[in-house]
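File shown: protein_39.csv (CSV, C-alpha atoms and all ligand atoms).
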chain,number,residue,atom,x,y,z
M,1,MET,CA,3.0,19.7,10.7
M,2,ASN,CA,5.7,18.5,8.3
M,3,ILE,CA,5.1,15.6,6.0
M,4,LYS,CA,8.0,13.6,4.5
M,5,ILE,CA,7.1,12.1,1.1
M,6,VAL,CA,9.5,9.4,-0.1
M,7,SER,CA,9.6,8.8,-3.8
M,8,ILE,CA,11.3,5.4,-4.4
M,9,PHE,CA,13.6,5.1,-7.4
M,10,PRO,CA,12.0,7.7,-9.7
M,11,ASP,CA,15.2,7.4,-11.8
M,12,VAL,CA,14.3,3.8,-12.8
M,13,LEU,CA,10.6,3.7,-12.1
M,14,GLY,CA,9.8,7.0,-13.8
M,15,THR,CA,9.0,5.8,-17.3
M,16,TYR,CA,5.2,6.5,-17.1
M,17,GLY,CA,5.4,9.9,-15.2
M,18,ASP,CA,4.3,8.5,-11.9
M,19,GLN,CA,6.8,10.7,-10.1
M,20,GLY,CA,4.1,13.4,-10.7
M,21,ASN,CA,2.2,11.8,-7.8
M,22,ALA,CA,4.8,13.3,-5.4
M,23,ARG,CA,4.3,16.8,-6.8
M,24,VAL,CA,0.5,16.5,-6.4
M,25,LEU,CA,0.9,15.4,-2.8
M,26,GLU,CA,3.4,18.2,-2.0
M,27,TYR,CA,1.1,20.8,-3.5
M,28,LEU,CA,-2.0,19.5,-1.7
M,29,ALA,CA,-0.2,19.1,1.7
M,30,ARG,CA,1.1,22.7,1.4
M,31,SER,CA,-2.4,24.0,0.7
M,32,THR,CA,-3.4,22.8,4.2
M,33,GLY,CA,-0.6,24.8,5.7
M,34,ALA,CA,1.7,21.8,6.3
M,35,THR,CA,5.3,21.9,5.2
M,36,THR,CA,6.7,19.1,3.1
M,37,GLU,CA,10.0,17.4,2.5
M,38,LEU,CA,10.2,15.4,-0.7
M,39,VAL,CA,12.9,12.7,-0.7
M,40,SER,CA,13.6,11.2,-4.2
M,41,VAL,CA,15.5,8.1,-3.5
M,42,GLY,CA,17.9,7.1,-6.3
M,43,ILE,CA,18.5,3.4,-7.2
M,44,ASN,CA,21.9,3.5,-5.4
M,45,ASP,CA,20.6,5.3,-2.3
M,46,VAL,CA,19.5,3.9,1.0
M,47,VAL,CA,15.7,4.0,1.4
M,48,PRO,CA,14.8,6.1,4.6
M,49,VAL,CA,12.3,4.3,6.8
M,50,ASP,CA,11.1,7.4,8.7
M,51,GLY,CA,8.9,8.8,5.9
M,52,ASP,CA,5.2,9.6,6.3
M,53,LEU,CA,4.1,8.5,2.8
M,54,TYR,CA,5.8,6.3,0.2
M,55,LEU,CA,5.4,6.2,-3.6
M,56,LEU,CA,6.5,3.7,-6.2
M,57,GLY,CA,5.9,4.1,-9.9
M,58,GLY,CA,5.9,2.0,-13.1
M,59,GLY,CA,8.8,1.0,-15.4
M,60,GLU,CA,10.0,-1.5,-17.9
M,61,ASP,CA,10.9,-5.1,-16.9
M,62,GLY,CA,14.7,-4.5,-16.5
M,63,PRO,CA,14.5,-1.5,-14.1
M,64,GLN,CA,11.6,-3.3,-12.3
M,65,ALA,CA,13.8,-6.3,-11.6
M,66,LEU,CA,16.6,-4.1,-10.4
M,67,ALA,CA,14.3,-2.1,-8.2
M,68,ALA,CA,12.9,-5.3,-6.6
M,69,ARG,CA,16.5,-6.6,-5.9
M,70,ARG,CA,17.4,-3.3,-4.2
M,71,LEU,CA,14.3,-3.3,-2.1
M,72,GLN,CA,15.0,-6.9,-0.9
M,73,ALA,CA,18.2,-5.7,0.8
M,74,GLY,CA,17.4,-4.6,4.4
M,75,ALA,CA,13.7,-4.8,3.7
M,76,PRO,CA,13.0,-1.1,4.1
M,77,LEU,CA,9.4,-1.2,2.8
M,78,GLN,CA,8.5,-4.0,5.2
M,79,ARG,CA,9.6,-1.7,8.0
M,80,VAL,CA,7.5,1.1,6.6
M,81,VAL,CA,4.5,-1.3,6.5
M,82,GLU,CA,5.1,-2.2,10.2
M,83,ARG,CA,5.0,1.5,11.0
M,84,GLY,CA,1.6,1.6,9.3
M,85,ARG,CA,2.7,4.4,6.9
M,86,PRO,CA,0.8,4.6,3.6
M,87,ILE,CA,2.4,3.4,0.4
M,88,LEU,CA,1.0,4.0,-3.1
M,89,ALA,CA,2.5,1.6,-5.7
M,90,ILE,CA,1.7,1.9,-9.4
M,91,CYS,CA,2.0,-0.9,-12.0
M,92,ALA,CA,5.6,-2.2,-11.9
M,93,GLY,CA,5.8,-0.9,-8.3
M,94,TYR,CA,2.5,-2.6,-7.5
M,95,GLN,CA,3.8,-5.9,-8.9
M,96,ILE,CA,7.0,-5.7,-6.9
M,97,LEU,CA,5.1,-5.5,-3.6
M,98,GLY,CA,3.4,-8.9,-4.3
M,99,ARG,CA,4.8,-12.4,-3.7
M,100,SER,CA,6.1,-12.8,-7.2
M,101,PHE,CA,6.2,-11.1,-10.6
M,102,VAL,CA,7.6,-11.9,-14.1
M,103,ALA,CA,10.2,-9.6,-15.8
M,104,GLU,CA,11.9,-10.4,-19.0
M,105,GLY,CA,10.4,-13.9,-19.0
M,106,LYS,CA,11.7,-14.8,-15.5
M,107,THR,CA,9.6,-15.3,-12.4
M,108,LEU,CA,11.1,-13.2,-9.6
M,109,PRO,CA,10.4,-12.9,-5.9
M,110,GLY,CA,8.5,-9.8,-4.8
M,111,LEU,CA,8.6,-8.1,-1.4
M,112,ASN,CA,5.8,-10.2,-0.1
M,113,ILE,CA,3.9,-7.2,1.3
M,114,LEU,CA,0.8,-7.9,-0.8
M,115,PRO,CA,-0.9,-11.3,-1.1
M,116,ALA,CA,-0.8,-11.4,-4.9
M,117,ASP,CA,1.2,-12.8,-7.8
M,118,SER,CA,1.7,-11.1,-11.2
M,119,VAL,CA,1.9,-13.3,-14.3
M,120,PRO,CA,2.2,-12.6,-18.0
M,121,ALA,CA,-1.1,-12.0,-19.8
M,122,THR,CA,-1.8,-13.2,-23.3
M,123,ARG,CA,-1.8,-9.6,-24.6
M,124,ARG,CA,-0.4,-6.3,-23.5
M,125,MET,CA,-3.0,-4.1,-21.8
M,126,VAL,CA,-2.7,-0.5,-23.0
M,127,GLY,CA,-5.3,2.3,-22.8
M,128,GLU,CA,-7.6,4.4,-20.8
M,129,VAL,CA,-9.1,3.0,-17.6
M,130,LEU,CA,-12.3,4.0,-16.0
M,131,SER,CA,-13.2,2.5,-12.6
M,132,GLU,CA,-15.4,2.8,-9.5
M,133,PRO,CA,-13.4,3.1,-6.3
M,134,LEU,CA,-14.4,0.6,-3.6
M,135,ILE,CA,-13.2,2.8,-0.8
M,136,GLY,CA,-14.7,6.1,0.1
M,137,ILE,CA,-12.6,8.8,-1.5
M,138,GLY,CA,-15.4,11.3,-2.4
M,139,GLN,CA,-15.3,10.3,-6.0
M,140,ALA,CA,-17.7,7.9,-7.8
M,141,LEU,CA,-15.3,7.3,-10.6
M,142,MET,CA,-11.5,7.1,-11.1
M,143,THR,CA,-9.6,7.5,-14.3
M,144,GLY,CA,-6.1,6.6,-15.4
M,145,PHE,CA,-4.0,5.1,-18.2
M,146,GLU,CA,-2.6,1.6,-18.2
M,147,ASN,CA,0.3,-0.1,-20.1
M,148,HIS,CA,1.4,-3.5,-18.8
M,149,GLY,CA,2.1,-7.0,-20.0
M,150,SER,CA,1.4,-8.8,-16.7
M,151,MET,CA,-1.8,-9.2,-14.8
M,152,THR,CA,-2.1,-9.5,-11.0
M,153,VAL,CA,-4.0,-12.3,-9.2
M,154,LEU,CA,-5.0,-11.4,-5.7
M,155,ASP,CA,-5.5,-14.1,-3.1
M,156,ASP,CA,-9.1,-14.9,-2.2
M,157,GLY,CA,-10.7,-12.3,0.0
M,158,VAL,CA,-8.1,-9.6,-0.7
M,159,GLU,CA,-9.8,-6.2,-1.4
M,160,PRO,CA,-9.2,-4.6,-4.8
M,161,LEU,CA,-9.1,-0.8,-5.1
M,162,ALA,CA,-11.7,-0.4,-7.8
M,163,ARG,CA,-14.2,-2.1,-10.1
M,164,ILE,CA,-13.3,-1.7,-13.7
M,165,ARG,CA,-15.7,-0.1,-16.1
M,166,ARG,CA,-13.3,0.3,-19.0
M,167,GLY,CA,-9.8,-1.2,-19.5
M,168,SER,CA,-8.2,-4.1,-17.8
M,169,GLY,CA,-6.8,-3.2,-14.4
M,170,ASN,CA,-5.6,-6.4,-12.6
M,171,GLY,CA,-6.3,-8.2,-15.8
M,172,ARG,CA,-9.0,-10.8,-15.5
M,173,ASP,CA,-11.1,-10.3,-12.4
M,174,GLY,CA,-12.8,-7.1,-13.4
M,175,TYR,CA,-11.0,-5.1,-10.8
M,176,ASP,CA,-8.1,-2.8,-10.5
M,177,GLY,CA,-5.5,-2.7,-7.8
M,178,VAL,CA,-5.5,-3.6,-4.2
M,179,ILE,CA,-5.9,-2.2,-0.7
M,180,VAL,CA,-4.3,-3.9,2.2
M,181,GLY,CA,-4.1,-1.8,5.4
M,182,SER,CA,-2.4,1.4,4.3
M,183,VAL,CA,-0.9,0.0,1.2
M,184,ILE,CA,-2.6,0.8,-2.1
M,185,GLY,CA,-1.6,-0.7,-5.5
M,186,SER,CA,-3.0,0.2,-8.9
M,187,TYR,CA,-2.3,-0.1,-12.6
M,188,MET,CA,-3.4,3.5,-13.2
M,189,HIS,CA,-0.8,6.0,-14.4
M,190,GLY,CA,-1.9,9.5,-15.3
M,191,PRO,CA,-0.4,10.3,-12.8
M,192,ILE,CA,-3.2,8.7,-10.8
M,193,LEU,CA,-3.1,11.4,-8.1
M,194,ALA,CA,-3.3,14.2,-10.6
M,195,ARG,CA,-6.4,12.7,-12.1
M,196,ASN,CA,-8.0,11.5,-8.9
M,197,PRO,CA,-7.8,14.2,-6.2
M,198,GLY,CA,-9.9,12.1,-3.8
M,199,LEU,CA,-7.3,9.4,-3.6
M,200,ALA,CA,-4.5,12.0,-3.1
M,201,CYS,CA,-6.5,13.5,-0.1
M,202,HIS,CA,-7.1,10.0,1.2
M,203,LEU,CA,-3.4,9.2,1.2
M,204,LEU,CA,-2.6,12.5,3.0
M,205,SER,CA,-5.2,11.8,5.6
M,206,CYS,CA,-3.6,8.3,6.1
M,207,ALA,CA,-0.3,10.1,6.5
M,208,GLY,CA,-1.7,12.1,9.4
M,209,LEU,CA,-2.8,15.4,7.8
M,210,GLY,CA,-6.5,15.1,8.7
M,211,GLU,CA,-9.2,16.2,6.4
M,212,VAL,CA,-7.7,17.5,3.1
M,213,GLN,CA,-9.7,19.3,0.4
M,214,PRO,CA,-8.6,19.3,-3.3
M,215,SER,CA,-8.6,22.6,-5.2
M,216,ARG,CA,-11.3,23.5,-7.7
M,217,ARG,CA,-8.8,23.1,-10.6
M,218,HIS,CA,-7.9,19.6,-9.4
M,219,ARG,CA,-11.5,18.5,-9.2
M,220,GLN,CA,-12.2,20.1,-12.6
M,221,LEU,CA,-9.3,18.0,-14.1
M,222,HIS,CA,-10.9,14.9,-12.6
M,223,HIS,CA,-14.3,15.7,-14.0
M,224,GLU,CA,-12.9,16.5,-17.5
M,225,ARG,CA,-11.1,13.1,-17.7
M,226,ALA,CA,-14.1,11.2,-16.3
M,227,ARG,CA,-16.5,12.9,-18.7
M,228,ALA,CA,-14.2,12.2,-21.7
M,229,GLN,CA,-14.1,8.5,-20.8
M,230,ILE,CA,-17.8,8.2,-20.4
M,231,GLU,CA,-18.4,10.0,-23.7
M,232,SER,CA,-16.0,7.7,-25.4
M,233,LEU,CA,-17.7,4.6,-23.8
M,234,TRP,CA,-21.0,5.9,-25.1
M,235,ARG,CA,-19.6,6.1,-28.6
M,236,THR,CA,-18.4,2.5,-28.3
M,237,VAL,CA,-21.8,1.3,-27.1
M,238,ARG,CA,-23.7,3.1,-29.8
M,239,ALA,CA,-21.4,2.1,-32.6
E,301,LIG,N1,6.9,-4.3,-16.7
E,301,LIG,C1,5.6,-4.4,-16.1
E,301,LIG,C2,4.6,-5.1,-17.1
E,301,LIG,O1,4.7,-4.9,-18.3
E,301,LIG,C3,5.1,-3.1,-15.6
E,301,LIG,C4,4.8,-2.1,-16.7
E,301,LIG,C5,4.5,-0.7,-16.1
E,301,LIG,O2,5.0,-0.3,-15.0
E,301,LIG,N2,3.7,0.1,-16.8
E,301,LIG,O3,3.6,-5.7,-16.6
Can you dump the structure from the file as structure tokens?
Amino acid sequence: MNIKIVSIFPDVLGTYGDQGNARVLEYLARSTGATTELVSVGINDVVPVDGDLYLLGGGEDGPQALAARRLQAGAPLQRVVERGRPILAICAGYQILGRSFVAEGKTLPGLNILPADSVPATRRMVGEVLSEPLIGIGQALMTGFENHGSMTVLDDGVEPLARIRRGSGNGRDGYDGVIVGSVIGSYMHGPILARNPGLACHLLSCAGLGEVQPSRRHRQLHHERARAQIESLWRTVRA
């Protein structure tokens, strides 16, 4: 099987290293014997709609607004959603998929794929995140790093991705991210798929690869990060 991974605008939505998610997926997919094609779509390129798995990363307000404008034209991601293909969107990318978001003080229209609005918070949310996934990905905990000025308000009844144990995630509801059909949003950089092998395997399964197992090294990295976070939480509790 061949899997086509489409990384959207890593040239402008690459500030936080989320393009690493594509590398993790490539590596994992190949470990199952599949072949991979990684398409990095530049900000001036046409977004292919025949991919198997789509990735969007985080970025500053200016590039985020530009990326949203480009993705309005021809609505390629809406077509991807209609095809039921998985999309993983991080931070600025996650906000873009909602109904509206704020960049450089202006409220801008999102792609209306997720029933959510992102609005400025009173303080910037920066630091490590520890959360409990609310979907079965074979991990009790997820870790990541967040750095954002806006929070995301999900419509009532919309399922978040994880319950926050440390950090802010969506900002005020005690949860991080969202899961709507095969679209997953999160505030977690890291990159999230390097730190959370279960989520990477889940996405590849959604893309049609069947059961995928992470390597020992990948699981070890996850455990190291989770343990470091728990130990640091303990220190805070005891202080
Ligand atoms: N510009 C957005 C915010 O500050 C997204 C930041 C990011 O992608 N890390 O909320």
Discussion item. Hey, which residues sit close to ligand LIG 301 (chain E)? Say within 6 Å, counting all atoms listed in the file, and write them as a list in words.
Written reply: Gly58, Gly59, Glu60, Asp61, Cys91, Ala92, Asn147, His148, Gly149 and Ser150 of chain M
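Nearest residue to M:Ile192 among M:Asp18, M:Asp11, M:Glu132, M:Glu224 is M:Asp18, counting all atoms listed in the file.
Separating atom CA of M:Cys201 from atom CA of M:Gly177 is a distance of 18.0 Å.
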Give as a compact mmCIF listing (two decimals) with C-alpha atoms, keeping the file's coordinate frame the set of residues within 9 Å of the point (18.2, 4.0, -6.5), where distances use the file's coordinates and all atoms listed in the file.
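Final output, part_35.txt:
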# COMPACT_ATOMS: atom_id res chain seq x y z
CA ILE M 8 11.30 5.40 -4.40
CA PHE M 9 13.60 5.10 -7.40
CA PRO M 10 12.00 7.70 -9.70
CA ASP M 11 15.20 7.40 -11.80
CA VAL M 12 14.30 3.80 -12.80
CA SER M 40 13.60 11.20 -4.20
CA VAL M 41 15.50 8.10 -3.50
CA GLY M 42 17.90 7.10 -6.30
CA ILE M 43 18.50 3.40 -7.20
CA ASN M 44 21.90 3.50 -5.40
CA ASP M 45 20.60 5.30 -2.30
CA VAL M 46 19.50 3.90 1.00
CA VAL M 47 15.70 4.00 1.40
CA ALA M 67 14.30 -2.10 -8.20
CA ARG M 70 17.40 -3.30 -4.20
Worksheet entry | Residue with smallest distance to M:Pro86 - pool M:Leu203, M:Ile179, M:Leu108, M:Val212, counting all atoms listed in the file |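 Smallest distance to M:Pro86 is found for M:Leu203.
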Item to complete: Rank M:Gly174, M:Pro115, M:Pro160, M:Gly105 by their smallest atom-to-atom distance to M:Leu130, using all atoms listed in the file, and report the top residue only.
Response: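 The shortest atom-to-atom distance to M:Leu130 comes from M:Gly174.
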Worksheet item: For M:His202, which residue among M:Gly136, M:Val102, M:Leu71, M:Val39 is the nearest when counting only C-alpha atoms?
Response: M:Gly136
Worksheet item: When distances are computed from all atoms listed in the file, which of M:Val129, M:Ser182, M:Asp156, M:Pro214 shows the smallest separation from M:Ile230?
Response: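 Of M:Val129, M:Ser182, M:Asp156, M:Pro214, the one nearest M:Ile230 is M:Val129, counting all atoms listed in the file.
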Fill in: Distance in Å - atom CA of M:Gly74 versus atom CA of M:Thr107
21.4 Å
Fill in: Among listed residues M:Leu56, M:Leu199, M:Ile96, M:Val237, nearest M:Tyr16 (using only C-alpha atoms)
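Ranking M:Leu56, M:Leu199, M:Ile96, M:Val237 by distance to M:Tyr16, first place goes to M:Leu56.
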Worksheet item: Interatomic distance between atom CA of M:Val24 and atom CA of M:Glu211?
Response: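 Interatomic distance, atom CA of M:Val24 to atom CA of M:Glu211: 16.1 Å.
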Item to complete: Would you kindly return, as a ChimeraX atom specification, each protein, DNA or RNA residue with an atom no farther than 10 Å from any atom of M:Leu141, considering all atoms listed in the file and excluding same-chain residues fewer than 2 positions away?
Response: /M:130-134,137-139,143,162-165,196,198,222-223,226-227
Would you compute the box with edges along x, y and z of the file around stretch 208-213 of chain M, including every atom the file lists for it and 5 Å extra on each side, and give its centre and edge lengths in Å to one decimal, as lines of an AutoDock Vina configuration file?
center_x = -5.7
center_y = 15.7
center_z = 4.9
size_x = 18.0
size_y = 17.2
size_z = 19.0
Quick one: residues within 10 Å of M:Val6, only C-alpha atoms, excluding same-chain residues fewer than 6 positions away - as a PDB file with C-alpha atoms, in the coordinates of the input?
ATOM      1  CA  ALA M  22       4.800  13.300  -5.400  1.00  0.00           C
ATOM      2  CA  GLU M  37      10.000  17.400   2.500  1.00  0.00           C
ATOM      3  CA  LEU M  38      10.200  15.400  -0.700  1.00  0.00           C
ATOM      4  CA  VAL M  39      12.900  12.700  -0.700  1.00  0.00           C
ATOM      5  CA  SER M  40      13.600  11.200  -4.200  1.00  0.00           C
ATOM      6  CA  VAL M  41      15.500   8.100  -3.500  1.00  0.00           C
ATOM      7  CA  VAL M  47      15.700   4.000   1.400  1.00  0.00           C
ATOM      8  CA  PRO M  48      14.800   6.100   4.600  1.00  0.00           C
ATOM      9  CA  VAL M  49      12.300   4.300   6.800  1.00  0.00           C
ATOM     10  CA  ASP M  50      11.100   7.400   8.700  1.00  0.00           C
ATOM     11  CA  GLY M  51       8.900   8.800   5.900  1.00  0.00           C
ATOM     12  CA  ASP M  52       5.200   9.600   6.300  1.00  0.00           C
ATOM     13  CA  LEU M  53       4.100   8.500   2.800  1.00  0.00           C
ATOM     14  CA  TYR M  54       5.800   6.300   0.200  1.00  0.00           C
ATOM     15  CA  LEU M  55       5.400   6.200  -3.600  1.00  0.00           C
ATOM     16  CA  LEU M  56       6.500   3.700  -6.200  1.00  0.00           C
ATOM     17  CA  ILE M  87       2.400   3.400   0.400  1.00  0.00           C
TER      18      ILE M  87
END
Rebuild all heavy atoms on stretch 207-218 of chain M, as a tab-separated table (two decimals), in the coordinates of the input?
chain	number	residue	atom	x	y	z
M	207	ALA	N	-1.63	9.65	6.07
M	207	ALA	CA	-0.30	10.10	6.50
M	207	ALA	C	-0.37	11.01	7.73
M	207	ALA	O	0.65	11.48	8.22
M	207	ALA	CB	0.46	10.72	5.38
M	208	GLY	N	-1.59	11.33	8.17
M	208	GLY	CA	-1.70	12.10	9.40
M	208	GLY	C	-2.15	13.55	9.21
M	208	GLY	O	-2.16	14.32	10.17
M	209	LEU	N	-2.52	13.94	7.98
M	209	LEU	CA	-2.80	15.40	7.80
M	209	LEU	C	-4.30	15.72	8.05
M	209	LEU	O	-4.68	16.88	7.85
M	209	LEU	CB	-2.53	15.74	6.30
M	209	LEU	CG	-1.16	16.31	6.02
M	209	LEU	CD1	-1.16	17.07	4.71
M	209	LEU	CD2	-0.70	17.27	7.13
M	210	GLY	N	-5.09	14.75	8.47
M	210	GLY	CA	-6.50	15.10	8.70
M	210	GLY	C	-7.30	15.23	7.46
M	210	GLY	O	-6.93	14.69	6.42
M	211	GLU	N	-8.37	16.02	7.54
M	211	GLU	CA	-9.20	16.20	6.40
M	211	GLU	C	-8.55	17.15	5.37
M	211	GLU	O	-8.18	18.26	5.73
M	211	GLU	CB	-10.55	16.85	6.86
M	211	GLU	CG	-11.61	16.96	5.83
M	211	GLU	CD	-12.55	15.75	5.82
M	211	GLU	OE1	-12.29	14.78	6.57
M	211	GLU	OE2	-13.51	15.79	5.08
M	212	VAL	N	-8.37	16.68	4.12
M	212	VAL	CA	-7.70	17.50	3.10
M	212	VAL	C	-8.71	17.71	1.95
M	212	VAL	O	-9.37	16.78	1.52
M	212	VAL	CB	-6.44	16.83	2.56
M	212	VAL	CG1	-5.73	17.72	1.56
M	212	VAL	CG2	-5.51	16.45	3.71
M	213	GLN	N	-8.83	18.94	1.47
M	213	GLN	CA	-9.70	19.30	0.40
M	213	GLN	C	-8.96	19.58	-0.91
M	213	GLN	O	-8.03	20.37	-0.86
M	213	GLN	CB	-10.61	20.48	0.71
M	213	GLN	CG	-11.64	20.24	1.79
M	213	GLN	CD	-12.64	19.14	1.42
M	213	GLN	OE1	-12.98	18.99	0.25
M	213	GLN	NE2	-13.07	18.38	2.42
M	214	PRO	N	-9.33	18.97	-2.05
M	214	PRO	CA	-8.60	19.30	-3.30
M	214	PRO	C	-9.05	20.70	-3.78
M	214	PRO	O	-10.11	21.22	-3.39
M	214	PRO	CB	-9.14	18.26	-4.28
M	214	PRO	CG	-10.44	17.79	-3.75
M	214	PRO	CD	-10.40	17.97	-2.25
M	215	SER	N	-8.25	21.30	-4.63
M	215	SER	CA	-8.60	22.60	-5.20
M	215	SER	C	-9.66	22.44	-6.27
M	215	SER	O	-9.91	21.33	-6.74
M	215	SER	CB	-7.35	23.24	-5.83
M	215	SER	OG	-6.98	22.48	-6.97
M	216	ARG	N	-10.26	23.56	-6.67
M	216	ARG	CA	-11.30	23.50	-7.70
M	216	ARG	C	-10.69	23.00	-9.02
M	216	ARG	O	-11.27	22.19	-9.72
M	216	ARG	CB	-11.87	24.93	-7.92
M	216	ARG	CG	-13.38	24.90	-7.86
M	216	ARG	CD	-13.99	26.25	-8.11
M	216	ARG	NE	-14.30	26.43	-9.52
M	216	ARG	CZ	-13.98	27.50	-10.23
M	216	ARG	NH1	-13.32	28.49	-9.67
M	216	ARG	NH2	-14.31	27.59	-11.48
M	217	ARG	N	-9.49	23.47	-9.32
M	217	ARG	CA	-8.80	23.10	-10.60
M	217	ARG	C	-8.57	21.58	-10.63
M	217	ARG	O	-8.72	20.94	-11.66
M	217	ARG	CB	-7.50	23.88	-10.65
M	217	ARG	CG	-6.65	23.60	-11.84
M	217	ARG	CD	-7.22	24.20	-13.12
M	217	ARG	NE	-6.65	23.57	-14.31
M	217	ARG	CZ	-7.23	22.61	-15.01
M	217	ARG	NH1	-8.42	22.14	-14.68
M	217	ARG	NH2	-6.65	22.09	-16.07
M	218	HIS	N	-8.18	21.04	-9.47
M	218	HIS	CA	-7.90	19.60	-9.40
M	218	HIS	C	-9.15	18.78	-9.62
M	218	HIS	O	-9.16	17.81	-10.37
M	218	HIS	CB	-7.31	19.35	-7.98
M	218	HIS	CG	-6.47	18.11	-7.86
M	218	HIS	ND1	-5.77	17.80	-6.72
M	218	HIS	CD2	-6.24	17.09	-8.70
M	218	HIS	CE1	-5.14	16.65	-6.89
M	218	HIS	NE2	-5.41	16.20	-8.08
